[in-house]
file my_file_15.csv (CSV, C-alpha atoms and all ligand atoms)
chain,number,residue,atom,x,y,z
Y,1,MET,CA,115.8,-71.7,-76.1
Y,2,SER,CA,115.8,-75.5,-76.7
Y,3,ASN,CA,119.0,-77.5,-75.8
Y,4,PRO,CA,121.2,-77.3,-78.9
Y,5,TYR,CA,123.2,-80.3,-77.7
Y,6,ALA,CA,120.3,-82.5,-76.6
Y,7,HIS,CA,121.4,-85.3,-79.0
Y,8,GLU,CA,125.1,-85.2,-77.9
Y,9,GLU,CA,124.0,-85.2,-74.3
Y,10,ARG,CA,121.8,-88.2,-74.8
Y,11,VAL,CA,124.6,-90.1,-76.6
Y,12,ALA,CA,127.1,-89.1,-74.0
Y,13,ILE,CA,124.9,-90.3,-71.1
Y,14,ALA,CA,124.3,-93.6,-72.9
Y,15,ALA,CA,128.0,-94.1,-73.5
Y,16,VAL,CA,129.0,-93.3,-69.9
Y,17,ARG,CA,126.3,-95.5,-68.5
Y,18,ARG,CA,127.5,-98.5,-70.6
Y,19,ALA,CA,131.1,-97.8,-69.6
Y,20,CYS,CA,130.2,-97.7,-65.9
Y,21,GLY,CA,128.7,-101.2,-66.3
Y,22,LEU,CA,132.0,-102.3,-67.8
Y,23,THR,CA,134.2,-100.7,-65.2
Y,24,SER,CA,132.1,-102.0,-62.3
Y,25,SER,CA,132.3,-105.6,-63.7
Y,26,VAL,CA,136.0,-105.2,-64.3
Y,27,PHE,CA,136.6,-104.2,-60.7
Y,28,GLU,CA,134.9,-107.4,-59.5
Y,29,THR,CA,137.3,-109.6,-61.5
Y,30,LEU,CA,140.5,-107.5,-61.7
Y,31,ILE,CA,143.6,-109.5,-61.2
Y,32,LYS,CA,147.2,-108.4,-60.5
Y,33,ASN,CA,148.7,-108.5,-64.0
Y,34,GLU,CA,145.9,-106.5,-65.5
Y,35,THR,CA,147.4,-103.1,-64.6
Y,36,LEU,CA,150.3,-101.4,-66.4
Y,37,THR,CA,152.4,-98.6,-65.2
Y,38,LYS,CA,152.6,-95.8,-67.8
Y,39,GLY,CA,155.7,-93.7,-68.7
Y,40,ASP,CA,154.6,-91.0,-66.1
Y,41,LYS,CA,154.4,-93.8,-63.4
Y,42,SER,CA,150.6,-93.6,-63.3
Y,43,PRO,CA,148.6,-96.9,-63.4
Y,44,VAL,CA,146.3,-97.9,-66.2
Y,45,THR,CA,144.1,-101.0,-66.1
Y,46,VAL,CA,142.3,-103.2,-68.6
Y,47,GLY,CA,139.2,-101.3,-67.5
Y,48,ASP,CA,140.6,-97.9,-68.7
Y,49,PHE,CA,141.5,-99.3,-72.1
Y,50,ALA,CA,138.3,-101.2,-72.6
Y,51,ALA,CA,136.1,-98.3,-71.5
Y,52,GLN,CA,137.9,-95.9,-73.8
Y,53,ALA,CA,137.4,-98.3,-76.7
Y,54,LEU,CA,133.7,-98.6,-75.9
Y,55,ILE,CA,133.0,-94.9,-75.6
Y,56,SER,CA,135.1,-94.1,-78.7
Y,57,THR,CA,133.3,-96.7,-80.7
Y,58,ILE,CA,129.9,-95.2,-79.8
Y,59,LEU,CA,131.0,-91.6,-80.6
Y,60,HIS,CA,132.5,-92.7,-83.9
Y,61,ASN,CA,129.3,-94.5,-84.9
Y,62,VAL,CA,127.1,-91.6,-84.1
Y,63,LEU,CA,129.3,-88.6,-84.9
Y,64,PRO,CA,132.0,-89.9,-87.2
Y,65,GLU,CA,133.4,-86.4,-88.0
Y,66,ASP,CA,134.1,-85.5,-84.3
Y,67,PRO,CA,137.7,-85.9,-83.2
Y,68,ILE,CA,138.5,-87.4,-79.8
Y,69,VAL,CA,141.0,-86.4,-77.2
Y,70,GLY,CA,141.3,-89.6,-75.1
Y,71,GLU,CA,143.6,-90.2,-72.2
Y,72,GLU,CA,144.8,-93.7,-73.3
Y,73,ASP,CA,146.6,-95.0,-76.3
Y,74,ALA,CA,147.0,-98.6,-77.5
Y,75,SER,CA,150.8,-98.6,-78.2
Y,76,ASP,CA,151.6,-100.9,-75.2
Y,77,LEU,CA,148.9,-103.3,-76.4
Y,78,ARG,CA,150.1,-103.6,-80.0
Y,79,VAL,CA,153.5,-105.2,-79.0
Y,80,GLU,CA,154.0,-108.9,-78.3
Y,81,SER,CA,154.3,-108.4,-74.5
Y,82,GLY,CA,150.9,-106.7,-74.5
Y,83,LYS,CA,149.1,-109.7,-76.0
Y,84,GLU,CA,147.6,-111.1,-72.8
Y,85,MET,CA,146.2,-107.7,-71.7
Y,86,ARG,CA,145.1,-107.0,-75.3
Y,87,ASP,CA,143.0,-110.2,-75.4
Y,88,ARG,CA,141.4,-109.4,-72.1
Y,89,ILE,CA,140.6,-105.8,-73.2
Y,90,VAL,CA,139.1,-106.9,-76.5
Y,91,GLY,CA,136.9,-109.4,-74.6
Y,92,LEU,CA,135.8,-106.8,-72.1
Y,93,ALA,CA,135.1,-104.1,-74.7
Y,94,ASN,CA,133.1,-106.5,-76.9
Y,95,ASP,CA,131.1,-107.8,-73.9
Y,96,ALA,CA,130.1,-104.2,-73.2
Y,97,LEU,CA,129.4,-103.4,-76.9
Y,98,LYS,CA,127.1,-106.4,-77.3
Y,99,ALA,CA,125.3,-106.0,-74.0
Y,100,PRO,CA,121.5,-105.6,-74.6
Y,101,LEU,CA,120.1,-102.2,-75.5
Y,102,ALA,CA,119.1,-100.2,-72.5
Y,103,ALA,CA,116.4,-97.5,-72.5
Y,104,GLY,CA,117.7,-94.6,-74.7
Y,105,ASP,CA,120.3,-96.7,-76.6
Y,106,GLU,CA,120.0,-97.3,-80.4
Y,107,ALA,CA,121.4,-100.2,-82.3
Y,108,ALA,CA,122.7,-97.7,-84.9
Y,109,TRP,CA,125.2,-96.6,-82.3
Y,110,GLY,CA,127.1,-99.9,-82.8
Y,111,VAL,CA,125.9,-101.4,-79.6
Y,112,GLY,CA,123.6,-104.3,-78.8
Y,113,PRO,CA,123.6,-108.0,-79.5
Y,114,GLY,CA,126.0,-109.0,-82.4
Y,115,LYS,CA,127.9,-105.7,-82.3
Y,116,GLU,CA,131.4,-107.0,-81.8
Y,117,LEU,CA,134.7,-105.6,-83.2
Y,118,THR,CA,137.9,-107.4,-84.2
Y,119,ALA,CA,141.0,-106.9,-82.0
Y,120,ASP,CA,142.3,-104.4,-84.5
Y,121,GLY,CA,138.9,-102.6,-84.4
Y,122,ILE,CA,139.2,-102.3,-80.6
Y,123,LEU,CA,142.8,-101.0,-80.7
Y,124,ASP,CA,141.9,-98.5,-83.5
Y,125,ALA,CA,139.0,-97.3,-81.4
Y,126,ILE,CA,141.3,-96.6,-78.5
Y,127,ASP,CA,143.8,-94.8,-80.7
Y,128,ARG,CA,141.1,-92.6,-82.2
Y,129,GLY,CA,141.6,-90.7,-79.0
Y,130,ASN,CA,144.8,-89.3,-80.3
Y,131,HIS,CA,143.6,-85.8,-81.3
Y,132,PRO,CA,145.9,-83.0,-80.2
Y,133,GLY,CA,143.2,-80.7,-79.1
Y,134,GLY,CA,143.4,-77.0,-79.9
Y,135,PRO,CA,141.4,-73.7,-80.1
Y,136,THR,CA,138.8,-74.4,-82.8
Y,137,GLY,CA,136.2,-76.9,-83.8
Y,138,ARG,CA,134.4,-79.7,-82.0
Y,139,MET,CA,136.2,-82.4,-80.0
Y,140,TRP,CA,135.3,-84.9,-77.4
Y,141,THR,CA,137.4,-85.6,-74.3
Y,142,ILE,CA,137.4,-89.1,-72.8
Y,143,ASP,CA,138.8,-90.0,-69.4
Y,144,PRO,CA,137.6,-93.6,-69.3
Y,145,ILE,CA,138.6,-94.0,-65.6
Y,146,ASP,CA,139.4,-90.9,-63.8
Y,147,GLY,CA,141.0,-91.6,-60.4
Y,148,THR,CA,142.5,-95.0,-61.5
Y,149,LYS,CA,144.2,-95.2,-58.1
Y,150,GLY,CA,140.8,-94.7,-56.4
Y,151,PHE,CA,139.3,-97.4,-58.7
Y,152,LEU,CA,142.0,-99.8,-57.7
Y,153,ARG,CA,141.4,-99.1,-54.0
Y,154,GLY,CA,137.6,-99.7,-54.5
Y,155,GLU,CA,137.0,-96.0,-53.7
Y,156,GLN,CA,135.8,-93.1,-55.9
Y,157,TYR,CA,136.5,-93.0,-59.6
Y,158,ALA,CA,134.6,-91.5,-62.5
Y,159,VAL,CA,133.9,-92.2,-66.2
Y,160,CYS,CA,134.2,-88.7,-67.8
Y,161,LEU,CA,133.2,-87.4,-71.2
Y,162,SER,CA,132.9,-83.9,-72.6
Y,163,LEU,CA,132.2,-82.1,-75.8
Y,164,ILE,CA,134.3,-79.0,-76.4
Y,165,VAL,CA,133.4,-76.6,-79.1
Y,166,ASP,CA,135.8,-73.7,-80.0
Y,167,ALA,CA,137.6,-74.2,-76.7
Y,168,LYS,CA,134.4,-74.0,-74.6
Y,169,VAL,CA,133.0,-77.1,-72.9
Y,170,GLN,CA,129.4,-77.4,-74.0
Y,171,VAL,CA,128.5,-80.9,-72.7
Y,172,GLY,CA,129.9,-82.7,-69.7
Y,173,VAL,CA,129.0,-86.1,-68.4
Y,174,ILE,CA,130.5,-87.8,-65.3
Y,175,GLY,CA,129.5,-91.3,-64.2
Y,176,CYS,CA,130.3,-92.2,-60.6
Y,177,PRO,CA,129.6,-95.9,-59.9
Y,178,ASN,CA,130.8,-95.7,-56.3
Y,179,LEU,CA,129.1,-92.5,-55.2
Y,180,LEU,CA,126.0,-92.7,-53.0
Y,181,ILE,CA,122.9,-91.7,-55.0
Y,182,ASP,CA,121.8,-89.6,-52.0
Y,183,PRO,CA,124.2,-89.2,-49.1
Y,184,SER,CA,121.3,-88.5,-46.8
Y,185,GLN,CA,119.7,-91.9,-47.8
Y,186,PRO,CA,122.5,-94.4,-48.0
Y,187,GLU,CA,120.0,-97.2,-48.3
Y,188,ARG,CA,119.3,-96.1,-51.9
Y,189,GLY,CA,122.7,-97.4,-52.8
Y,190,LYS,CA,125.5,-96.3,-55.1
Y,191,GLY,CA,125.9,-95.1,-58.6
Y,192,ALA,CA,125.0,-91.7,-60.2
Y,193,ILE,CA,125.5,-89.9,-63.5
Y,194,PHE,CA,126.0,-86.1,-63.6
Y,195,SER,CA,125.3,-84.2,-66.8
Y,196,ALA,CA,125.4,-80.6,-67.9
Y,197,VAL,CA,124.9,-78.6,-71.1
Y,198,ARG,CA,126.1,-75.0,-71.2
Y,199,GLY,CA,123.2,-72.7,-70.6
Y,200,HIS,CA,120.9,-75.6,-69.9
Y,201,GLY,CA,121.6,-76.6,-66.3
Y,202,ALA,CA,123.2,-79.5,-64.5
Y,203,ARG,CA,121.4,-82.7,-63.5
Y,204,GLN,CA,122.0,-85.9,-61.5
Y,205,LEU,CA,120.5,-89.1,-62.9
Y,206,THR,CA,120.6,-92.7,-61.7
Y,207,LEU,CA,123.0,-95.1,-63.4
Y,208,GLU,CA,120.0,-96.2,-65.4
Y,209,GLY,CA,119.5,-92.7,-66.6
Y,210,THR,CA,116.3,-92.0,-64.7
Y,211,ASP,CA,115.0,-89.7,-61.9
Y,212,PRO,CA,116.7,-86.5,-63.0
Y,213,ILE,CA,117.4,-84.0,-60.1
Y,214,THR,CA,118.5,-80.4,-60.9
Y,215,LEU,CA,121.8,-79.5,-59.3
Y,216,ARG,CA,122.3,-76.2,-57.6
Y,217,ILE,CA,125.2,-75.5,-55.3
Y,218,PRO,CA,123.6,-74.4,-52.0
Y,219,PRO,CA,124.8,-71.0,-50.6
Y,220,THR,CA,127.2,-71.4,-47.7
Y,221,ALA,CA,129.1,-69.1,-45.3
Y,222,VAL,CA,132.8,-69.4,-46.1
Y,223,GLU,CA,133.7,-70.5,-42.5
Y,224,ASN,CA,131.3,-73.4,-42.9
Y,225,LEU,CA,132.7,-74.8,-46.1
Y,226,LYS,CA,134.5,-78.1,-46.4
Y,227,PHE,CA,137.3,-78.2,-48.9
Y,228,LEU,CA,137.3,-81.1,-51.4
Y,229,GLU,CA,140.8,-82.3,-52.3
Y,230,SER,CA,142.7,-85.1,-54.1
Y,231,VAL,CA,143.4,-88.3,-52.1
Y,232,GLU,CA,146.8,-88.4,-53.7
Y,233,ALA,CA,149.2,-85.9,-52.1
Y,234,ALA,CA,151.3,-85.9,-55.3
Y,235,HIS,CA,148.4,-84.5,-57.3
Y,236,SER,CA,147.6,-81.4,-55.3
Y,237,SER,CA,149.1,-79.8,-52.3
Y,238,HIS,CA,147.4,-80.7,-49.1
Y,239,SER,CA,149.6,-78.4,-47.0
Y,240,PHE,CA,148.6,-75.4,-49.2
Y,241,ASN,CA,145.0,-76.2,-48.6
Y,242,ASP,CA,145.6,-76.4,-44.9
Y,243,ARG,CA,147.0,-72.9,-44.9
Y,244,VAL,CA,144.0,-71.6,-47.0
Y,245,THR,CA,141.7,-73.3,-44.5
Y,246,GLU,CA,143.4,-71.4,-41.6
Y,247,VAL,CA,143.3,-68.1,-43.4
Y,248,LEU,CA,139.6,-68.4,-44.1
Y,249,GLY,CA,138.8,-69.6,-40.6
Y,250,VAL,CA,137.3,-72.9,-42.0
Y,251,LYS,CA,136.7,-75.4,-39.1
Y,252,ALA,CA,135.9,-78.6,-40.9
Y,253,ALA,CA,138.6,-81.0,-42.1
Y,254,PRO,CA,138.9,-81.4,-45.9
Y,255,VAL,CA,137.1,-84.2,-47.7
Y,256,ARG,CA,139.5,-86.3,-49.7
Y,257,MET,CA,138.0,-87.9,-52.7
Y,258,ASP,CA,139.4,-89.4,-55.9
Y,259,SER,CA,138.6,-88.2,-59.4
Y,260,GLN,CA,136.1,-85.7,-60.8
Y,261,ALA,CA,133.6,-87.1,-58.3
Y,262,LYS,CA,134.8,-84.0,-56.4
Y,263,TYR,CA,133.2,-81.7,-58.9
Y,264,ALA,CA,130.0,-83.7,-58.6
Y,265,ALA,CA,130.1,-83.6,-54.8
Y,266,LEU,CA,130.5,-79.9,-54.9
Y,267,CYS,CA,127.4,-79.5,-57.0
Y,268,ARG,CA,125.4,-81.5,-54.4
Y,269,GLY,CA,126.6,-79.2,-51.6
Y,270,GLU,CA,128.9,-81.9,-50.1
Y,271,GLY,CA,131.9,-79.6,-50.0
Y,272,GLY,CA,131.8,-75.9,-50.8
Y,273,SER,CA,135.1,-75.7,-52.7
Y,274,TYR,CA,137.4,-77.9,-54.7
Y,275,LEU,CA,140.9,-76.7,-54.4
Y,276,ARG,CA,143.7,-78.2,-56.5
Y,277,MET,CA,147.0,-76.4,-56.2
Y,278,PRO,CA,150.2,-77.8,-57.8
Y,279,THR,CA,152.7,-79.6,-55.7
Y,280,GLY,CA,155.6,-78.5,-57.8
Y,281,VAL,CA,156.5,-77.5,-61.2
Y,282,GLY,CA,156.3,-79.5,-64.4
Y,283,TYR,CA,153.0,-81.3,-64.3
Y,284,ARG,CA,150.4,-79.9,-66.6
Y,285,GLU,CA,146.7,-80.6,-65.9
Y,286,LYS,CA,145.0,-82.6,-68.6
Y,287,ILE,CA,141.8,-81.2,-70.3
Y,288,TRP,CA,139.9,-84.5,-69.7
Y,289,ASP,CA,140.5,-84.2,-66.0
Y,290,HIS,CA,138.5,-80.9,-65.8
Y,291,ALA,CA,136.3,-80.3,-68.8
Y,292,PRO,CA,133.2,-82.2,-67.7
Y,293,GLY,CA,133.6,-80.9,-64.1
Y,294,GLU,CA,133.9,-77.3,-65.3
Y,295,VAL,CA,130.6,-77.2,-67.2
Y,296,LEU,CA,128.9,-79.2,-64.4
Y,297,VAL,CA,129.9,-76.7,-61.7
Y,298,VAL,CA,129.2,-73.6,-63.8
Y,299,GLU,CA,125.7,-74.9,-64.7
Y,300,ALA,CA,125.1,-75.7,-61.0
Y,301,GLY,CA,125.7,-72.0,-60.2
Y,302,GLY,CA,129.4,-72.2,-59.4
Y,303,VAL,CA,132.6,-70.7,-60.7
Y,304,VAL,CA,135.8,-72.5,-61.8
Y,305,THR,CA,139.1,-70.6,-62.3
Y,306,ASP,CA,142.8,-71.0,-61.8
Y,307,SER,CA,144.7,-69.3,-59.0
Y,308,ARG,CA,144.9,-66.1,-61.1
Y,309,GLY,CA,141.2,-65.9,-61.2
Y,310,GLN,CA,141.2,-66.8,-64.9
Y,311,ALA,CA,138.9,-69.3,-66.7
Y,312,LEU,CA,140.5,-72.6,-67.5
Y,313,ASN,CA,141.7,-72.6,-71.1
Y,314,PHE,CA,140.5,-75.8,-72.9
Y,315,GLY,CA,141.9,-74.6,-76.3
Y,316,LEU,CA,145.6,-75.0,-75.7
Y,317,GLY,CA,145.9,-78.7,-76.7
Y,318,ARG,CA,145.7,-81.8,-74.5
Y,319,THR,CA,146.7,-79.9,-71.4
Y,320,LEU,CA,145.6,-76.7,-69.7
Y,321,GLY,CA,149.0,-75.3,-70.2
Y,322,GLU,CA,151.1,-74.0,-67.3
Y,323,ASN,CA,149.6,-75.2,-64.0
Y,324,PHE,CA,148.1,-72.3,-62.0
Y,325,GLY,CA,145.9,-74.7,-60.1
Y,326,VAL,CA,142.1,-75.1,-60.0
Y,327,ILE,CA,139.6,-73.4,-57.7
Y,328,ALA,CA,136.0,-74.4,-58.0
Y,329,ALA,CA,133.3,-73.0,-55.6
Y,330,GLY,CA,129.8,-71.7,-55.4
Y,331,LYS,CA,129.4,-68.2,-56.8
Y,332,ASP,CA,128.9,-66.6,-53.4
Y,333,ILE,CA,132.2,-67.9,-51.9
Y,334,HIS,CA,134.5,-68.2,-54.9
Y,335,PRO,CA,135.9,-64.6,-54.5
Y,336,GLN,CA,136.8,-65.2,-50.9
Y,337,VAL,CA,138.5,-68.6,-51.6
Y,338,LEU,CA,140.4,-67.0,-54.5
Y,339,ALA,CA,141.6,-64.1,-52.3
Y,340,ALA,CA,142.7,-66.5,-49.6
Y,341,VAL,CA,144.6,-68.6,-52.2
Y,342,GLN,CA,146.4,-65.5,-53.4
Y,343,ALA,CA,147.1,-64.4,-49.9
Y,344,VAL,CA,148.8,-67.7,-49.1
Y,345,GLN,CA,150.7,-67.6,-52.4
Y,346,ALA,CA,152.1,-64.2,-51.3
Y,347,GLU,CA,153.2,-65.4,-47.9
Y,348,PRO,CA,157.0,-65.5,-47.6
Y,349,LYS,CA,157.1,-69.3,-47.0
Y,350,ALA,CA,154.4,-70.1,-49.6
Y,351,LYS,CA,154.4,-73.9,-50.1
Y,352,VAL,CA,153.8,-73.7,-53.8
Q,1,LIG,N1,151.4,-85.0,-60.5
Q,1,LIG,C1,150.2,-84.8,-60.8
Q,1,LIG,N2,149.6,-83.6,-60.5
Q,1,LIG,C2,148.3,-83.4,-60.7
Q,1,LIG,N3,147.4,-84.3,-61.3
Q,1,LIG,C3,148.0,-85.5,-61.6
Q,1,LIG,C4,149.3,-85.8,-61.4
Q,1,LIG,N4,149.5,-87.1,-61.8
Q,1,LIG,C5,148.4,-87.5,-62.3
Q,1,LIG,N5,147.4,-86.6,-62.1
Q,1,LIG,C6,146.0,-86.6,-62.6
Q,1,LIG,O1,145.1,-86.7,-61.4
Q,1,LIG,C7,144.0,-87.5,-61.9
Q,1,LIG,C8,143.3,-88.1,-60.7
Q,1,LIG,O2,142.6,-87.1,-60.1
Q,1,LIG,P1,142.6,-86.7,-58.5
Q,1,LIG,O3,144.0,-86.2,-58.2
Q,1,LIG,O4,141.5,-85.8,-58.4
Q,1,LIG,O5,142.3,-88.1,-57.8
Q,1,LIG,S1,143.2,-89.0,-57.0
Q,1,LIG,O6,143.6,-88.3,-55.8
Q,1,LIG,O7,144.4,-89.4,-57.8
Q,1,LIG,O8,142.6,-90.2,-56.7
Q,1,LIG,C9,144.6,-88.5,-62.7
Q,1,LIG,O9,143.6,-89.0,-63.6
Q,1,LIG,P2,143.6,-90.5,-64.0
Q,1,LIG,O10,144.9,-90.8,-64.7
Q,1,LIG,O11,142.5,-90.5,-65.0
Q,1,LIG,O12,143.3,-91.3,-62.8
Q,1,LIG,C10,145.8,-87.8,-63.5
Q,1,LIG,O13,145.4,-87.3,-64.7
Q,2,MG,MG,145.5,-92.1,-65.9
Q,3,MG,MG,141.9,-88.5,-65.0
Q,4,MG,MG,142.0,-91.8,-66.5
call {"tool": "encode", "arguments": {"input": "my_file_15.csv", "output": "structure tokens", "more": "lines below"}}
Ligand SMILES: Nc1ncnc2c1ncn2[C@@H]1O[C@H](COP(=O)(O)OS(=O)(=O)O)[C@@H](OP(=O)(O)O)[C@H]1O
Ligand SMILES: [Mg+2]
Ligand SMILES: [Mg+2]
Ligand SMILES: [Mg+2]
result
Amino acid sequence: MSNPYAHEERVAIAAVRRACGLTSSVFETLIKNETLTKGDKSPVTVGDFAAQALISTILHNVLPEDPIVGEEDASDLRVESGKEMRDRIVGLANDALKAPLAAGDEAAWGVGPGKELTADGILDAIDRGNHPGGPTGRMWTIDPIDGTKGFLRGEQYAVCLSLIVDAKVQVGVIGCPNLLIDPSQPERGKGAIFSAVRGHGARQLTLEGTDPITLRIPPTAVENLKFLESVEAAHSSHSFNDRVTEVLGVKAAPVRMDSQAKYAALCRGEGGSYLRMPTGVGYREKIWDHAPGEVLVVEAGGVVTDSRGQALNFGLGRTLGENFGVIAAGKDIHPQVLAAVQAVQAEPKAKV
């Protein structure tokens, strides 16, 4: 069967590629007062806002009927105190919009020389990401910079885009400007895009969108796996993972990596399992933090569930609902990892 989302995938890759150019150049020039702290104490930079404006504009030009669930909103930029940041974001987003057409881009998408927006146009593009989500219909998710803390440290981050249709992720694209193209050949440099369409496989491309490689999670014996986990201890429980590691007899230390680059690394066999168990109660995982990674891992031959063994539910709104954690692994070892997680949860002194 031909790929029913070939057009959406092509647009998504082009949008993510352009946004990766924007975020890389922002990093080079980021100055202190270009980061805000949001209500939940998490950081957001001019790069997050500008990349969401850029991606949202492209989606709106190509698929104007499709709603968008985007992480950021422009309310802090519409007030007087946000003026300096707003001006910088408008400049950055417009520079990215009007950058020359790359292979695969089309001027009709609202990009290329002369395609600038007013400040209001940029703020409105950011705020088009205000869709509440839900169980039916098409909707895109945008996480313009996933792993903002990693981005600020110069480590891993990802530009993430997905298309959800009737609560199922159909297309997922993850751009990782700081990830090695090939860990076994570091001289090839950094920057990769990962893309998957449900039922049509998962691929890695260069940041230019070339040299596709099909992704298959290699089989691994459970004791030889390496866990992938968040860098930030507040985001997922490191101590819980340590206990699962002991229960499974895993020898290798976990690999800590920011962002959905973890899902991409899993697909390349650089981990074996991504384990993200809650550190406490209250936080609900966001759909944009997992939607592209879920379809990528499934299409690379893996399984993604919560700690109950249930599929992640992308139809509940902007979050995944109550936080039962996330377990992603190759098909062969997922049942063993899940069983170990449940065994640790059942221990008298379970840490979550
Ligand atoms: N308390 C808590 N618990 C769980 N998750 C949280 C929490 N707070 C934030 N977040 C989300 O984590 C996203 C970053 O992903 P990672 O944890 O994989 O990377 S990192 O360790 O922060 O670098 C991060 O995404 P970005 O905001 O896009 O960076 C958040 O959506
Ligand atoms: Mg954030
Ligand atoms: Mg995120
Ligand atoms: Mg983000």
call {"tool": "residues_near_ligand", "arguments": {"input": "my_file_15.csv", "ligand": "ligand MG 4 (chain Q)", "cutoff": "12 Å", "atoms": "all atoms listed in the file", "output": "short mmCIF file (atom, residue, chain, number, x, y, z; two decimals) with C-alpha atoms, in the frame of the given file"}}
result
data_model
loop_
_atom_site.label_atom_id
_atom_site.label_comp_id
_atom_site.auth_asym_id
_atom_site.auth_seq_id
_atom_site.Cartn_x
_atom_site.Cartn_y
_atom_site.Cartn_z
CA THR Y 23 134.20 -100.70 -65.20
CA LYS Y 38 152.60 -95.80 -67.80
CA SER Y 42 150.60 -93.60 -63.30
CA PRO Y 43 148.60 -96.90 -63.40
CA VAL Y 44 146.30 -97.90 -66.20
CA THR Y 45 144.10 -101.00 -66.10
CA VAL Y 46 142.30 -103.20 -68.60
CA GLY Y 47 139.20 -101.30 -67.50
CA ASP Y 48 140.60 -97.90 -68.70
CA PHE Y 49 141.50 -99.30 -72.10
CA ALA Y 50 138.30 -101.20 -72.60
CA ALA Y 51 136.10 -98.30 -71.50
CA GLN Y 52 137.90 -95.90 -73.80
CA GLY Y 70 141.30 -89.60 -75.10
CA GLU Y 71 143.60 -90.20 -72.20
CA GLU Y 72 144.80 -93.70 -73.30
CA ASP Y 73 146.60 -95.00 -76.30
CA THR Y 141 137.40 -85.60 -74.30
CA ILE Y 142 137.40 -89.10 -72.80
CA ASP Y 143 138.80 -90.00 -69.40
CA PRO Y 144 137.60 -93.60 -69.30
CA ILE Y 145 138.60 -94.00 -65.60
CA ASP Y 146 139.40 -90.90 -63.80
CA GLY Y 147 141.00 -91.60 -60.40
CA THR Y 148 142.50 -95.00 -61.50
CA LYS Y 149 144.20 -95.20 -58.10
CA GLY Y 150 140.80 -94.70 -56.40
CA PHE Y 151 139.30 -97.40 -58.70
CA LEU Y 152 142.00 -99.80 -57.70
CA TYR Y 157 136.50 -93.00 -59.60
CA ALA Y 158 134.60 -91.50 -62.50
CA VAL Y 159 133.90 -92.20 -66.20
CA CYS Y 160 134.20 -88.70 -67.80
CA LEU Y 161 133.20 -87.40 -71.20
CA ASP Y 258 139.40 -89.40 -55.90
CA SER Y 259 138.60 -88.20 -59.40
CA GLN Y 260 136.10 -85.70 -60.80
CA LYS Y 286 145.00 -82.60 -68.60
CA ILE Y 287 141.80 -81.20 -70.30
CA TRP Y 288 139.90 -84.50 -69.70
CA ASP Y 289 140.50 -84.20 -66.00
CA HIS Y 290 138.50 -80.90 -65.80
#
call {"tool": "residues_around", "arguments": {"input": "my_file_15.csv", "residues": "Val173 of chain Y", "least_positions_apart": "5", "cutoff": "10 Å", "atoms": "only C-alpha atoms", "output": "PyMOL selection string"}}
result
chain Y and resi 9-10+12-17+142+158-163+193-197+202-204+291-293+295-296
call {"tool": "atom_distance", "arguments": {"input": "my_file_15.csv", "atom1": "atom CA of Asn224 of chain Y", "atom2": "atom CA of Tyr274 of chain Y"}}
result
14.0 Å
call {"tool": "axis_aligned_box", "arguments": {"input": "my_file_15.csv", "around": "segment 186-189 of chain Y", "padding_each_side": "8 Å", "output": "JSON"}}
result
{"center_x": 121.0, "center_y": -95.9, "center_z": -50.4, "size_x": 19.4, "size_y": 19.0, "size_z": 20.8}
call {"tool": "atom_distance", "arguments": {"input": "my_file_15.csv", "atom1": "atom CA of Ala339 of chain Y", "atom2": "atom CA of Gly309 of chain Y"}}
result
9.1 Å
call {"tool": "decode", "arguments": {"input": "my_file_15.csv", "residues": "segment 275-284 of chain Y", "atoms": "N, CA and C atoms", "output": "compact mmCIF listing (two decimals), in the first residue's frame"}}
result
# COMPACT_ATOMS: atom_id res chain seq x y z
N LEU Y 275 13.25 4.31 29.72
CA LEU Y 275 12.39 4.14 30.89
C LEU Y 275 12.18 5.48 31.57
N ARG Y 276 10.90 5.86 31.73
CA ARG Y 276 10.57 7.19 32.27
C ARG Y 276 9.44 7.03 33.28
N MET Y 277 9.82 6.80 34.52
CA MET Y 277 8.83 6.62 35.57
C MET Y 277 8.69 7.90 36.37
N PRO Y 278 7.47 8.22 36.80
CA PRO Y 278 7.27 9.51 37.49
C PRO Y 278 8.05 9.59 38.80
N THR Y 279 8.43 10.82 39.14
CA THR Y 279 9.15 11.05 40.40
C THR Y 279 8.17 11.30 41.54
N GLY Y 280 6.96 11.61 41.21
CA GLY Y 280 5.98 11.89 42.26
C GLY Y 280 4.62 12.00 41.60
N VAL Y 281 3.68 12.53 42.34
CA VAL Y 281 2.36 12.66 41.75
C VAL Y 281 2.18 14.09 41.22
N GLY Y 282 1.25 14.25 40.34
CA GLY Y 282 0.90 15.61 39.93
C GLY Y 282 1.26 15.93 38.50
N TYR Y 283 2.47 15.56 38.05
CA TYR Y 283 2.86 15.94 36.69
C TYR Y 283 2.20 15.02 35.67
N ARG Y 284 1.62 15.61 34.66
CA ARG Y 284 1.06 14.82 33.56
C ARG Y 284 1.94 14.99 32.33
